[in-house]
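Pasted below: upload.tsv, TSV, C-alpha atoms.
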chain	number	residue	atom	x	y	z
O	13	MET	CA	0.00	0.00	0.00
O	14	ALA	CA	1.37	3.40	-0.96
O	15	ALA	CA	0.95	6.69	0.89
O	16	LEU	CA	-2.24	7.17	2.84
O	17	GLY	CA	-3.52	10.29	1.11
O	18	SER	CA	-6.12	12.44	2.78
O	19	PRO	CA	-8.80	11.01	5.09
O	20	LEU	CA	-11.50	12.48	2.85
O	21	GLN	CA	-10.17	10.52	-0.16
O	22	THR	CA	-10.13	7.36	1.93
O	23	LEU	CA	-13.71	7.96	3.09
O	24	ARG	CA	-14.89	8.57	-0.47
O	25	GLY	CA	-13.10	5.44	-1.65
O	26	LEU	CA	-14.73	3.36	1.09
O	27	LEU	CA	-18.17	4.70	0.23
O	28	ARG	CA	-17.54	3.99	-3.47
O	29	GLU	CA	-16.65	0.38	-2.68
O	30	LEU	CA	-19.75	0.04	-0.47
O	31	ARG	CA	-21.81	1.30	-3.39
O	32	HIS	CA	-20.26	-1.41	-5.61
O	33	VAL	CA	-21.11	-4.09	-3.06
O	34	SER	CA	-24.57	-2.93	-1.98
O	35	GLY	CA	-25.94	-1.25	-5.07
O	36	ARG	CA	-28.05	1.90	-5.02
O	37	ALA	CA	-29.35	1.39	-1.47
O	38	TYR	CA	-25.89	1.50	0.11
O	39	ARG	CA	-26.88	4.40	2.38
O	40	ASP	CA	-29.34	2.14	4.19
O	41	THR	CA	-26.67	-0.36	5.25
O	42	ALA	CA	-25.12	-0.68	8.68
O	43	ALA	CA	-21.64	-0.52	7.14
O	44	TYR	CA	-22.35	2.93	5.69
O	45	ARG	CA	-23.58	4.25	9.02
O	46	HIS	CA	-20.64	2.70	10.87
O	47	VAL	CA	-18.01	4.17	8.51
O	48	LEU	CA	-19.51	7.67	8.73
O	49	ALA	CA	-19.87	7.48	12.51
O	50	ALA	CA	-16.26	6.30	12.91
O	51	PHE	CA	-14.89	9.08	10.72
O	52	ARG	CA	-16.99	11.69	12.55
O	53	ALA	CA	-15.90	10.38	15.95
O	54	HIS	CA	-12.20	10.49	15.02
O	55	ARG	CA	-12.15	13.97	13.54
O	56	VAL	CA	-9.11	15.96	14.53
O	57	THR	CA	-10.29	18.69	16.88
O	58	SER	CA	-7.15	19.53	18.86
O	59	GLU	CA	-3.84	17.79	19.47
O	60	LYS	CA	-4.70	17.40	23.14
O	61	LEU	CA	-7.75	15.22	22.47
O	62	CYS	CA	-6.32	13.25	19.53
O	63	ARG	CA	-4.26	10.34	20.82
O	64	ALA	CA	-3.91	8.27	17.66
O	65	GLN	CA	-5.15	10.56	14.95
O	66	GLN	CA	-3.88	8.45	12.06
O	67	GLU	CA	-4.85	5.05	13.46
O	68	LEU	CA	-8.40	5.12	12.07
O	69	HIS	CA	-7.15	6.51	8.78
O	70	PHE	CA	-4.62	3.70	8.43
O	71	GLN	CA	-7.24	1.05	9.28
O	72	ALA	CA	-9.70	2.58	6.82
O	73	ALA	CA	-7.08	2.72	4.06
O	74	THR	CA	-6.19	-0.92	4.71
O	75	TYR	CA	-9.85	-1.94	4.56
O	76	LEU	CA	-10.29	0.07	1.35
O	77	CYS	CA	-7.35	-1.79	-0.18
O	78	LEU	CA	-8.96	-5.10	0.83
O	79	LEU	CA	-12.35	-4.17	-0.67
O	80	ARG	CA	-10.78	-3.03	-3.95
O	81	SER	CA	-8.62	-6.15	-4.17
O	82	VAL	CA	-11.57	-8.47	-3.54
O	83	ARG	CA	-13.66	-6.71	-6.21
O	84	GLN	CA	-10.81	-6.87	-8.74
O	85	HIS	CA	-10.17	-10.53	-7.91
O	86	GLN	CA	-13.83	-11.38	-8.48
O	87	ALA	CA	-13.79	-9.59	-11.83
O	88	LEU	CA	-10.68	-11.50	-12.93
O	89	HIS	CA	-12.14	-14.75	-11.65
O	90	ARG	CA	-15.35	-14.22	-13.64
O	91	GLU	CA	-13.39	-13.41	-16.78
O	92	TYR	CA	-10.73	-16.12	-16.73
O	93	HIS	CA	-12.21	-18.95	-14.65
O	94	GLY	CA	-12.45	-22.19	-16.58
O	95	ARG	CA	-15.68	-22.76	-18.47
O	96	GLY	CA	-14.77	-26.25	-19.51
O	97	GLU	CA	-12.43	-27.12	-22.32
O	98	ARG	CA	-11.47	-24.28	-24.67
O	99	SER	CA	-10.30	-24.57	-28.20
O	100	PRO	CA	-6.65	-23.74	-29.01
O	101	GLU	CA	-7.81	-20.69	-31.00
O	102	GLU	CA	-9.77	-19.36	-28.03
O	103	VAL	CA	-6.84	-19.89	-25.63
O	104	ALA	CA	-4.46	-18.17	-28.06
O	105	GLY	CA	-6.89	-15.26	-28.34
O	106	LEU	CA	-6.97	-14.89	-24.53
O	107	VAL	CA	-3.23	-14.26	-24.39
O	108	GLY	CA	-3.08	-12.20	-27.59
O	109	PHE	CA	-1.61	-14.71	-30.02
O	110	MET	CA	-2.80	-15.92	-33.39
O	111	LEU	CA	-2.34	-19.54	-34.46
O	112	PRO	CA	-0.52	-20.09	-37.76
O	113	ARG	CA	-2.60	-21.18	-40.74
O	114	GLN	CA	-1.65	-24.28	-42.67
O	115	PRO	CA	-1.04	-23.92	-46.43
O	116	GLY	CA	-3.70	-25.35	-48.69
O	117	GLY	CA	-6.64	-24.19	-46.56
O	118	LYS	CA	-6.44	-27.03	-44.03
O	119	GLY	CA	-6.44	-24.86	-40.98
Show me the file's structure as structure tokens.
Amino acid sequence: MAALGSPLQTLRGLLRELRHVSGRAYRDTAAYRHVLAAFRAHRVTSEKLCRAQQELHFQAATYLCLLRSVRQHQALHREYHGRGERSPEEVAGLVGFMLPRQPGGKG
């Protein structure tokens, strides 16, 4: 995972991933309410009251990375998971190759 970025970007990313998972009614989910409540509760108000101001941000960024990775894995799995036996032409097309043609129209 790279740099954390701003907490607002992390919050927006989390909400975007929740929208992917839950669909249009993502604002009615408990996860949405929990994420917003956690970010509101850990707002930086003054250094005196903020013990671990980046702890929630780090945990949220880690969870965002997990949600994105799971979504991307599922997309790759749907695209490339075996659907039975494939022809050599189809397999070659998946990796970007073309099979050679035999002279005389035999292939």
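For the pair CA of Val33 (chain O) and CA of Leu16 (chain O), the interatomic distance is 22.8 Å.
Applying the 12 Å criterion to (-18.9, 3.4, -5.2) in file coordinates and using all atoms listed in the file, one obtains the residues Thr22, Leu23, Arg24, Gly25, Leu26, Leu27, Arg28, Glu29, Leu30, Arg31, His32, Val33, Ser34, Gly35, Arg36, Ala37, Tyr38, Arg39, Tyr44, Leu76, Leu79, Arg80 and Arg83 of chain O.
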Identify the residues around (-3.9, 9.3, 8.7) within a radius of 8 Å, measuring from all atoms listed in the file in the coordinates stated by the file, and give them as a short mmCIF file (atom, residue, chain, number, x, y, z; two decimals) with C-alpha atoms, keeping the file's coordinate frame.
data_model
loop_
_atom_site.label_atom_id
_atom_site.label_comp_id
_atom_site.auth_asym_id
_atom_site.auth_seq_id
_atom_site.Cartn_x
_atom_site.Cartn_y
_atom_site.Cartn_z
CA LEU O 16 -2.24 7.17 2.84
CA GLY O 17 -3.52 10.29 1.11
CA SER O 18 -6.12 12.44 2.78
CA PRO O 19 -8.80 11.01 5.09
CA GLN O 65 -5.15 10.56 14.95
CA GLN O 66 -3.88 8.45 12.06
CA GLU O 67 -4.85 5.05 13.46
CA LEU O 68 -8.40 5.12 12.07
CA HIS O 69 -7.15 6.51 8.78
CA PHE O 70 -4.62 3.70 8.43
#
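Taking CA of Leu48 (chain O) and CA of Cys77 (chain O) as endpoints, the distance between them is 17.8 Å.
What separates CA of Gly96 (chain O) from CA of Gln114 (chain O) is a distance of 26.7 Å.
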